[in-house]
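**Q** First the structure, which I've put down as structure tokens, then a few questions once you've had a look.
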There are 2 protein chains.
Amino acid sequence: MMEQPRTPMPGAELLAQFAAIVGPANALTAPHDQAPYLREWRDHYVGRTPVVLRPSTVAEVSAIMALAHASGTAVVPQSGNTGLVGGQIPFEHGHEVLLNLSRLDRIRAVDASGDTMTVEAGVTLAAVQQAAATAGRLFPLSLASEGSCRIGGVLGTNAGGVGVLAYGNARDLTLGLEVVLADGRMWDGLTALRKDNTGYDLRHLFVGSEGTLGIITAAVLKLFARPTELATAFVGLPSLEAARDLFRHARASCGPALTAFEILPRLGIDFVTRHMPNCRDPLTSSHPWYALVEVSGFAAGTSERLETMLADAMEQGFVADAAVAGSLAQTQAFWALRENMSESQKFEGGSLKHDVSVPIDRIPELVRRTAVLVEQIMPGCRPLPFGHFGDGNIHLNISQPPGMDKATYLARWREITGPIYALVTELNGSISAEHGIGRAKREDLLLVKPPVALDMMRAVKKALDPKGILNPGRIFE
Amino acid sequence: MMEQPRTPMPGAELLAQFAAIVGPANALTAPHDQAPYLREWRDHYVGRTPVVLRPSTVAEVSAIMALAHASGTAVVPQSGNTGLVGGQIPFEHGHEVLLNLSRLDRIRAVDASGDTMTVEAGVTLAAVQQAAATAGRLFPLSLASEGSCRIGGVLGTNAGGVGVLAYGNARDLTLGLEVVLADGRMWDGLTALRKDNTGYDLRHLFVGSEGTLGIITAAVLKLFARPTELATAFVGLPSLEAARDLFRHARASCGPALTAFEILPRLGIDFVTRHMPNCRDPLTSSHPWYALVEVSGFAAGTSERLETMLADAMEQGFVADAAVAGSLAQTQAFWALRENMSESQKFEGGSLKHDVSVPIDRIPELVRRTAVLVEQIMPGCRPLPFGHFGDGNIHLNISQPPGMDKATYLARWREITGPIYALVTELNGSISAEHGIGRAKREDLLLVKPPVALDMMRAVKKALDPKGILNPGRIFE
């Protein structure tokens, strides 16, 4: 069913005014020009828009929003167009102007000694990492889409990834923001301060608000000292309980030096070794579960530290086998297994994805009960839970039963997703650990979020965007 | 001038209804009973109230706020009454009910393996630290007032302290909240999740809102692995530029193991050794500046690591002399110099306190220009800047000229504070790094905060407390 528009379709005169702000070359109306902005890579969402606007300055963003506010025009902000929940794609009714931020792509400042960096919304995550490295610093956020996702969306969705365990998610890496509000006013909150208790923390309100409260145009990000040593192990485990024990043990013996703790199931290793080139199992024996463990250090002896930790764990019985990377190539090979986990599932038919989190101690129960649940609903379907164990964040993907028609399987998603979200909620978990709500999970949010919380969110939305023109229909129904 | 009340004085019948919620023993109306709740330890603020209410359950807090909302009664939340900006003390007009949370003092749960702890607003910070230690974990927030400050106020003001460098401030240590809203509804946001992207981050809105948006009744706090080794050095420095170089060097060579970097000026060492018992200078020679540097570790060799780092720094010329603590007693003696810094200033007459922050690289300029500035305004007054160098947070205290009348000096505070705040603002700093705004800095906030930011804060305030009954007149004029 097509979403009903809440805002009027902008007329030709108004569209001409929008186009005049950015110039005709950056106001795209031809279907061919618009196409890359209107569909996301999985083709789950394909929208329509009267115009794609590509401003190159904050002043232009400001002028666009002032006009949108005055005319009641809905605006969908988009930066790298890599979001997974449809937040950055216009609705199908075609009433929304698409505001793409990729031309705001300046790195405004790198302060290596203050450990901060000021970047615009259109800079890719990879470019941020690279600029930090060039200055001898580390920007630790790291995602599968880092080559194409851009900082506006990274912050708008509070992105996570593999560095969260030690460094936090996008929110935790943000010191200051520059935001264009719904009415076009610009808020300069580009502070580089580590401590600033002067009123409400507006920064944390915008980060993770998925473009519904304002348009982030620039940010001050935190940088870190670059570890000089890195040790990585691929570990075979008898059970998920053993993974939990290993995590506890690693954390206690390494503290903040433990910078990654990812898990993979045996089925995932089967998938990647079967379908992805140059992926092979580093261990000679087979195990039900695997952990990818990384320890960072600022002094020699980091590998020895990891080895000692693993030897202790083996002695205590919760590690069955382990390989420690002896070269950069081997480290990359270990990580390739993890990074190809999602891609490899494509070769096994339909996959239903659930980006959930629970308290770490409940992960074994979550995985065990999910397997029972989905087998009852659809015999033969194959759970492939993997991901950020140390953050309690599991990508609870369910591959279709072998031989079933893919479309038939995917069409029945609600039968599987509903019970999984109910289970996650029962275990005090979250139905969206790092991807956000967007369009994909609006109905589910109503089921799991306390009405008091929803009321507060709506009140804040109304306070900051009284006309409801910023990304309407995202997060809330 | 007395603040004009914005809310009516509650009548006798209404006060009886408030009292009935908590019972007569916990509705204090006699001046003698009320006294400890109406003045803070420095006597800067002394207020009046018709009644001090001491609920012991969240349901009672909820009932109090429902009645306050229905009747339009103003409420001042208070937990440990250690705030430094008058946020927790009623105004002098006596129209505000004081809601003291110290009887909500249960530690609801400690999850050592999940590294979380659920505590009520009335638990003292010291009790939280102790409960974490008993479970073999670390709660790293540490403040001078930790024996008496309570979690409600710690979160309400986003408290800082000496552990921020490595672990963040109160906000960063909070995973979930339970909050009673202005209308009495309770929001259960007690999540223990590390990742949860389901709508706006309401937690960060309440933390640091100084009781103006809701009443925090409980929180889920983060715990950490307890370092097994601790090495502490007291370092003599030729200049503040050398302090900056040492900080950079320490961070690069120790990474997250660098857990404290505080600075003290020579005058501070003079004050503490002169006035405080058992305080002595650990170094034989005298230096313009000192740093207290702490490195934490999870393996043997932490002291050696600190020593190597300092030896390198000496060779490079930015460390003049250093003593590394050889025993726990010596570590405590080093810290006593830092902890007595504020107290010792009392013996030198009036002291004007400024809790400011700037980007770390600007600290030398801030301190140099402040010295010139205040000498011009009041010759002979003595700047004593000290504190959390690694966070950019300096307690820019100015002791009176020797021999001047104390009251005369303190009465002229505006002459000194105004120019200091202007300088801090010029350097892109904050006029309140960790103490908050409360009543003390409302007028100053108007001068330094962009109007757009103030507008957003007021809109959020109106959205969540439409009747303006929660701590009115704090943060905003």
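Labeling convention for the structure tokens: chains A, B, ... as they appear, residues from 1 per chain, ligands from 1 in order of appearance.
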Using DSSP on the backbone, list every residue of stretch 226-469 of chain A that comes out as strand (DSSP E), and give them as an NGL selection string.

**A** :A and (229-237 or 258-265 or 289-297 or 321-324 or 351-352 or 355-357 or 382-388 or 393-399)

**Q** Using the selection just defined, write its residues with N, CA and C atoms as a tab-separated table (two decimals), in the first residue's frame.

**A**
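The resulting file, selection.tsv, is shown below:
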chain	number	residue	atom	x	y	z
A	229	GLU	N	50.65	-1.52	17.95
A	229	GLU	CA	50.65	-2.98	17.80
A	229	GLU	C	49.21	-3.46	17.70
A	230	LEU	N	49.04	-4.54	16.96
A	230	LEU	CA	47.71	-5.12	16.79
A	230	LEU	C	47.89	-6.63	16.72
A	231	ALA	N	47.15	-7.35	17.54
A	231	ALA	CA	47.22	-8.81	17.50
A	231	ALA	C	45.82	-9.35	17.32
A	232	THR	N	45.68	-10.33	16.41
A	232	THR	CA	44.36	-10.83	16.04
A	232	THR	C	44.35	-12.35	16.12
A	233	ALA	N	43.28	-12.88	16.70
A	233	ALA	CA	43.17	-14.34	16.79
A	233	ALA	C	41.83	-14.80	16.23
A	234	PHE	N	41.85	-15.97	15.62
A	234	PHE	CA	40.65	-16.65	15.17
A	234	PHE	C	40.49	-17.87	16.06
A	235	VAL	N	39.38	-17.92	16.79
A	235	VAL	CA	39.26	-18.86	17.90
A	235	VAL	C	38.08	-19.81	17.69
A	236	GLY	N	38.31	-21.11	17.82
A	236	GLY	CA	37.23	-22.09	17.76
A	236	GLY	C	36.64	-22.33	19.13
A	237	LEU	N	35.29	-22.34	19.23
A	237	LEU	CA	34.62	-22.41	20.53
A	237	LEU	C	33.59	-23.54	20.55
A	258	LEU	N	41.31	-4.60	24.59
A	258	LEU	CA	40.46	-5.50	23.80
A	258	LEU	C	39.62	-4.64	22.86
A	259	THR	N	39.96	-4.62	21.57
A	259	THR	CA	39.31	-3.69	20.65
A	259	THR	C	38.34	-4.35	19.68
A	260	ALA	N	38.26	-5.67	19.64
A	260	ALA	CA	37.20	-6.31	18.86
A	260	ALA	C	36.92	-7.70	19.41
A	261	PHE	N	35.64	-8.06	19.43
A	261	PHE	CA	35.23	-9.39	19.83
A	261	PHE	C	33.96	-9.74	19.03
A	262	GLU	N	34.18	-10.34	17.88
A	262	GLU	CA	33.08	-10.69	16.97
A	262	GLU	C	32.87	-12.20	17.00
A	263	ILE	N	31.63	-12.63	16.78
A	263	ILE	CA	31.41	-14.08	16.69
A	263	ILE	C	30.83	-14.47	15.33
A	264	LEU	N	31.13	-15.71	14.96
A	264	LEU	CA	30.65	-16.29	13.72
A	264	LEU	C	30.22	-17.73	14.00
A	265	PRO	N	29.11	-18.18	13.40
A	265	PRO	CA	28.71	-19.58	13.58
A	265	PRO	C	29.37	-20.46	12.51
A	289	TRP	N	31.19	-22.66	17.04
A	289	TRP	CA	31.26	-21.20	17.04
A	289	TRP	C	32.71	-20.74	16.91
A	290	TYR	N	32.85	-19.50	16.42
A	290	TYR	CA	34.17	-18.89	16.27
A	290	TYR	C	34.14	-17.46	16.82
A	291	ALA	N	35.25	-17.04	17.37
A	291	ALA	CA	35.37	-15.64	17.76
A	291	ALA	C	36.57	-15.03	17.04
A	292	LEU	N	36.39	-13.78	16.63
A	292	LEU	CA	37.49	-13.00	16.07
A	292	LEU	C	37.85	-12.00	17.15
A	293	VAL	N	39.06	-12.13	17.68
A	293	VAL	CA	39.45	-11.34	18.84
A	293	VAL	C	40.65	-10.48	18.48
A	294	GLU	N	40.54	-9.19	18.78
A	294	GLU	CA	41.64	-8.28	18.46
A	294	GLU	C	42.07	-7.53	19.71
A	295	VAL	N	43.38	-7.47	19.92
A	295	VAL	CA	43.95	-6.72	21.04
A	295	VAL	C	44.90	-5.68	20.46
A	296	SER	N	44.74	-4.42	20.91
A	296	SER	CA	45.59	-3.33	20.44
A	296	SER	C	46.56	-2.95	21.53
A	297	GLY	N	47.72	-2.43	21.13
A	297	GLY	CA	48.68	-2.06	22.16
A	297	GLY	C	49.54	-0.89	21.74
A	321	ASP	N	40.33	-24.27	20.13
A	321	ASP	CA	41.48	-24.14	19.25
A	321	ASP	C	41.61	-22.66	18.88
A	322	ALA	N	42.79	-22.24	18.49
A	322	ALA	CA	42.96	-20.83	18.13
A	322	ALA	C	44.14	-20.65	17.22
A	323	ALA	N	44.03	-19.68	16.31
A	323	ALA	CA	45.16	-19.29	15.46
A	323	ALA	C	45.40	-17.80	15.66
A	324	VAL	N	46.64	-17.43	15.94
A	324	VAL	CA	46.98	-16.01	16.07
A	324	VAL	C	47.66	-15.59	14.78
A	351	SER	N	17.48	-14.14	2.61
A	351	SER	CA	17.94	-14.03	3.99
A	351	SER	C	17.15	-12.94	4.68
A	352	LEU	N	16.55	-13.25	5.81
A	352	LEU	CA	15.86	-12.22	6.60
A	352	LEU	C	16.81	-11.70	7.65
A	355	ASP	N	18.76	-6.87	13.02
A	355	ASP	CA	19.88	-6.21	13.69
A	355	ASP	C	19.47	-5.93	15.13
A	356	VAL	N	19.70	-6.90	16.01
A	356	VAL	CA	19.16	-6.77	17.38
A	356	VAL	C	20.28	-6.73	18.42
A	357	SER	N	19.94	-6.28	19.61
A	357	SER	CA	20.88	-6.36	20.72
A	357	SER	C	20.15	-6.82	21.98
A	382	ARG	N	17.54	-21.57	8.05
A	382	ARG	CA	18.86	-21.69	8.67
A	382	ARG	C	19.31	-20.39	9.35
A	383	PRO	N	19.24	-20.35	10.68
A	383	PRO	CA	19.70	-19.15	11.40
A	383	PRO	C	21.21	-18.99	11.24
A	384	LEU	N	21.62	-17.74	11.03
A	384	LEU	CA	23.05	-17.45	10.91
A	384	LEU	C	23.35	-16.21	11.77
A	385	PRO	N	23.39	-16.40	13.09
A	385	PRO	CA	23.62	-15.25	13.97
A	385	PRO	C	25.11	-14.95	14.04
A	386	PHE	N	25.46	-13.69	13.82
A	386	PHE	CA	26.89	-13.32	13.88
A	386	PHE	C	27.01	-11.86	14.27
A	387	GLY	N	28.22	-11.46	14.56
A	387	GLY	CA	28.46	-10.03	14.76
A	387	GLY	C	29.10	-9.63	16.07
A	388	HIS	N	28.63	-8.48	16.56
A	388	HIS	CA	29.35	-7.75	17.61
A	388	HIS	C	29.00	-8.28	19.01
A	393	ASN	N	25.33	-7.05	20.34
A	393	ASN	CA	24.66	-6.77	19.06
A	393	ASN	C	24.86	-7.92	18.08
A	394	ILE	N	23.77	-8.67	17.84
A	394	ILE	CA	23.83	-9.83	16.96
A	394	ILE	C	23.02	-9.56	15.69
A	395	HIS	N	23.64	-9.85	14.56
A	395	HIS	CA	22.89	-9.81	13.31
A	395	HIS	C	22.24	-11.18	13.15
A	396	LEU	N	20.98	-11.21	13.51
A	396	LEU	CA	20.25	-12.48	13.60
A	396	LEU	C	19.60	-12.77	12.25
A	397	ASN	N	20.44	-13.18	11.31
A	397	ASN	CA	19.96	-13.42	9.95
A	397	ASN	C	19.46	-14.86	9.82
A	398	ILE	N	18.37	-15.01	9.04
A	398	ILE	CA	17.80	-16.35	8.85
A	398	ILE	C	17.77	-16.63	7.34
A	399	SER	N	18.62	-17.58	6.93
A	399	SER	CA	18.61	-17.96	5.52
A	399	SER	C	17.46	-18.95	5.25

**Q** Enter the distance from atom CA of B:Leu193 to atom CA of B:Met65, in Å, rounded to one decimal.

**A**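 That distance, rounded to one decimal, is 28.5 Å.
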
**Q** Which neighbours of A:Val448 fall inside 9 Å, counting only C-alpha atoms, when residues of the same chain fewer than 5 positions from it are skipped, and could you give them as a PDB file with N, CA, C and O atoms, in the first residue's frame?

**A**
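This is the output file part_0.pdb:
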ATOM      1  N   TYR A 421      11.296 -10.407  17.100  1.00  0.00           N
ATOM      2  CA  TYR A 421      11.249  -9.138  17.821  1.00  0.00           C
ATOM      3  C   TYR A 421      10.576  -9.300  19.189  1.00  0.00           C
ATOM      4  O   TYR A 421      10.972  -8.657  20.170  1.00  0.00           O
ATOM      5  N   ALA A 422       9.558 -10.152  19.244  1.00  0.00           N
ATOM      6  CA  ALA A 422       8.898 -10.388  20.535  1.00  0.00           C
ATOM      7  C   ALA A 422       9.876 -11.028  21.522  1.00  0.00           C
ATOM      8  O   ALA A 422       9.935 -10.649  22.700  1.00  0.00           O
ATOM      9  N   THR A 425      12.440  -8.481  22.688  1.00  0.00           N
ATOM     10  CA  THR A 425      11.830  -7.575  23.656  1.00  0.00           C
ATOM     11  C   THR A 425      11.688  -8.258  25.014  1.00  0.00           C
ATOM     12  O   THR A 425      11.957  -7.652  26.057  1.00  0.00           O
ATOM     13  N   SER A 430      16.890  -4.759  22.069  1.00  0.00           N
ATOM     14  CA  SER A 430      16.481  -3.730  21.118  1.00  0.00           C
ATOM     15  C   SER A 430      16.272  -4.341  19.737  1.00  0.00           C
ATOM     16  O   SER A 430      17.075  -5.165  19.296  1.00  0.00           O
ATOM     17  N   ILE A 431      15.231  -3.898  19.057  1.00  0.00           N
ATOM     18  CA  ILE A 431      14.963  -4.423  17.710  1.00  0.00           C
ATOM     19  C   ILE A 431      15.789  -3.702  16.647  1.00  0.00           C
ATOM     20  O   ILE A 431      15.764  -4.072  15.476  1.00  0.00           O
TER      21      ILE A 431
END

**Q** Neighbours of stretch 470-473 of chain B within 9 Å (only C-alpha atoms; same-chain residues fewer than 2 positions away dropped), as a PDB file with N, CA and C atoms, in the first residue's frame?

**A**
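Listing of part.pdb after writing:
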ATOM      1  N   GLU B   3      14.167  36.891  43.354  1.00  0.00           N
ATOM      2  CA  GLU B   3      13.536  36.335  42.150  1.00  0.00           C
ATOM      3  C   GLU B   3      12.009  36.356  42.324  1.00  0.00           C
ATOM      4  N   PRO B   5       8.406  34.885  41.918  1.00  0.00           N
ATOM      5  CA  PRO B   5       7.881  33.536  41.653  1.00  0.00           C
ATOM      6  C   PRO B   5       7.037  33.500  40.386  1.00  0.00           C
ATOM      7  N   ARG B   6       7.140  32.376  39.636  1.00  0.00           N
ATOM      8  CA  ARG B   6       6.319  32.213  38.431  1.00  0.00           C
ATOM      9  C   ARG B   6       5.138  31.310  38.705  1.00  0.00           C
ATOM     10  N   THR B   7       5.180  30.662  39.851  1.00  0.00           N
ATOM     11  CA  THR B   7       4.154  29.681  40.194  1.00  0.00           C
ATOM     12  C   THR B   7       3.518  30.113  41.513  1.00  0.00           C
ATOM     13  N   THR B  73       2.162  23.561  40.869  1.00  0.00           N
ATOM     14  CA  THR B  73       3.151  23.826  41.924  1.00  0.00           C
ATOM     15  C   THR B  73       4.571  23.592  41.413  1.00  0.00           C
ATOM     16  N   ALA B  74       5.459  24.518  41.703  1.00  0.00           N
ATOM     17  CA  ALA B  74       6.859  24.355  41.300  1.00  0.00           C
ATOM     18  C   ALA B  74       7.571  23.371  42.225  1.00  0.00           C
ATOM     19  N   VAL B  75       8.459  22.551  41.627  1.00  0.00           N
ATOM     20  CA  VAL B  75       9.176  21.520  42.383  1.00  0.00           C
ATOM     21  C   VAL B  75      10.676  21.638  42.116  1.00  0.00           C
ATOM     22  N   VAL B  76      11.470  21.633  43.189  1.00  0.00           N
ATOM     23  CA  VAL B  76      12.926  21.623  43.070  1.00  0.00           C
ATOM     24  C   VAL B  76      13.422  20.236  43.459  1.00  0.00           C
ATOM     25  N   PRO B  77      13.964  19.459  42.511  1.00  0.00           N
ATOM     26  CA  PRO B  77      14.524  18.156  42.881  1.00  0.00           C
ATOM     27  C   PRO B  77      15.915  18.333  43.496  1.00  0.00           C
ATOM     28  N   GLY B  87      21.454  25.054  41.772  1.00  0.00           N
ATOM     29  CA  GLY B  87      20.356  24.382  41.073  1.00  0.00           C
ATOM     30  C   GLY B  87      19.435  23.607  41.995  1.00  0.00           C
ATOM     31  N   GLN B  88      19.957  23.177  43.134  1.00  0.00           N
ATOM     32  CA  GLN B  88      19.197  22.277  44.009  1.00  0.00           C
ATOM     33  C   GLN B  88      18.590  22.969  45.229  1.00  0.00           C
ATOM     34  N   PRO B  90      15.885  25.859  46.703  1.00  0.00           N
ATOM     35  CA  PRO B  90      14.725  26.666  46.283  1.00  0.00           C
ATOM     36  C   PRO B  90      15.053  28.161  46.286  1.00  0.00           C
ATOM     37  N   PHE B  91      14.270  28.911  45.550  1.00  0.00           N
ATOM     38  CA  PHE B  91      14.420  30.368  45.579  1.00  0.00           C
ATOM     39  C   PHE B  91      13.964  30.923  46.934  1.00  0.00           C
ATOM     40  N   GLU B  96       8.391  27.106  46.172  1.00  0.00           N
ATOM     41  CA  GLU B  96       8.728  25.817  45.567  1.00  0.00           C
ATOM     42  C   GLU B  96       8.773  24.686  46.588  1.00  0.00           C
ATOM     43  N   ALA B 182       7.273  15.632  34.224  1.00  0.00           N
ATOM     44  CA  ALA B 182       6.629  16.778  34.873  1.00  0.00           C
ATOM     45  C   ALA B 182       5.175  16.473  35.247  1.00  0.00           C
ATOM     46  N   GLU B 210      19.647  19.254  34.649  1.00  0.00           N
ATOM     47  CA  GLU B 210      19.563  19.929  35.959  1.00  0.00           C
ATOM     48  C   GLU B 210      18.142  19.949  36.531  1.00  0.00           C
ATOM     49  N   GLY B 211      17.447  18.840  36.368  1.00  0.00           N
ATOM     50  CA  GLY B 211      16.116  18.724  36.981  1.00  0.00           C
ATOM     51  C   GLY B 211      15.037  19.559  36.326  1.00  0.00           C
ATOM     52  N   THR B 212      15.299  20.102  35.146  1.00  0.00           N
ATOM     53  CA  THR B 212      14.299  20.973  34.515  1.00  0.00           C
ATOM     54  C   THR B 212      13.405  20.232  33.521  1.00  0.00           C
ATOM     55  N   LEU B 213      13.745  18.977  33.192  1.00  0.00           N
ATOM     56  CA  LEU B 213      12.946  18.234  32.204  1.00  0.00           C
ATOM     57  C   LEU B 213      12.242  17.019  32.801  1.00  0.00           C
ATOM     58  N   GLY B 214      12.718  16.541  33.913  1.00  0.00           N
ATOM     59  CA  GLY B 214      12.154  15.353  34.534  1.00  0.00           C
ATOM     60  C   GLY B 214      12.978  15.020  35.758  1.00  0.00           C
ATOM     61  N   ILE B 215      12.493  14.081  36.551  1.00  0.00           N
ATOM     62  CA  ILE B 215      13.222  13.703  37.760  1.00  0.00           C
ATOM     63  C   ILE B 215      13.781  12.302  37.583  1.00  0.00           C
ATOM     64  N   GLY B 438      22.582  26.111  36.562  1.00  0.00           N
ATOM     65  CA  GLY B 438      21.802  26.382  37.763  1.00  0.00           C
ATOM     66  C   GLY B 438      21.281  27.807  37.798  1.00  0.00           C
ATOM     67  N   ARG B 439      21.431  28.458  38.963  1.00  0.00           N
ATOM     68  CA  ARG B 439      21.084  29.871  39.069  1.00  0.00           C
ATOM     69  C   ARG B 439      22.302  30.728  38.796  1.00  0.00           C
ATOM     70  N   ARG B 442      23.032  31.737  34.846  1.00  0.00           N
ATOM     71  CA  ARG B 442      21.941  31.960  33.890  1.00  0.00           C
ATOM     72  C   ARG B 442      22.185  33.187  33.021  1.00  0.00           C
ATOM     73  N   ASP B 465       7.830  19.990  29.717  1.00  0.00           N
ATOM     74  CA  ASP B 465       7.309  20.550  30.968  1.00  0.00           C
ATOM     75  C   ASP B 465       6.488  21.783  30.624  1.00  0.00           C
ATOM     76  N   LYS B 467       3.962  23.280  31.743  1.00  0.00           N
ATOM     77  CA  LYS B 467       3.551  24.227  32.778  1.00  0.00           C
ATOM     78  C   LYS B 467       4.737  24.905  33.469  1.00  0.00           C
ATOM     79  N   GLY B 468       5.940  24.473  33.124  1.00  0.00           N
ATOM     80  CA  GLY B 468       7.126  25.106  33.696  1.00  0.00           C
ATOM     81  C   GLY B 468       7.250  24.928  35.208  1.00  0.00           C
ATOM     82  N   ILE B 475      18.927  27.226  34.706  1.00  0.00           N
ATOM     83  CA  ILE B 475      19.480  27.200  33.340  1.00  0.00           C
ATOM     84  C   ILE B 475      19.026  28.446  32.579  1.00  0.00           C
ATOM     85  N   PHE B 476      17.706  28.605  32.428  1.00  0.00           N
ATOM     86  CA  PHE B 476      17.177  29.768  31.698  1.00  0.00           C
ATOM     87  C   PHE B 476      16.793  30.845  32.700  1.00  0.00           C
ATOM     88  N   GLU B 477      16.880  32.087  32.275  1.00  0.00           N
ATOM     89  CA  GLU B 477      16.389  33.204  33.095  1.00  0.00           C
ATOM     90  C   GLU B 477      14.879  33.077  33.264  1.00  0.00           C
TER      91      GLU B 477
END

**Q** Between atom CA of A:Ala112 and atom CA of B:Leu246, what distance in Å does the model show, to one decimal?

**A**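 These two atoms are separated by 14.7 Å.
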
**Q** Which residue, A:Thr302, A:Thr134, A:Gln400, A:Asn428, has the smallest gap to A:Thr228 when you use only C-alpha atoms?

**A**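 Among the listed residues, A:Thr302 lies closest to A:Thr228.
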
**Q** When DSSP is applied to the backbone of this structure, which of stretch 188-364 of chain B are assigned alpha helix (DSSP H)? Write them out as a PyMOL selection string.

**A** chain B and resi 202-206+240-254+266-275+302-316+328-339+341-345+363-364

**Q** Between atom CA of A:Lys222 and atom CA of B:Ile360, what is the distance, to one decimal in Å?

**A**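 Atom-to-atom, atom CA of A:Lys222 to atom CA of B:Ile360, that is 13.0 Å.
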
**Q** Just checking: using only C-alpha atoms, which residue out of B:Ala336, B:Met9, B:Leu175, B:Ala299 ends up closest to B:Pro227?

**A**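 Closest to B:Pro227 of all the choices is B:Ala299.
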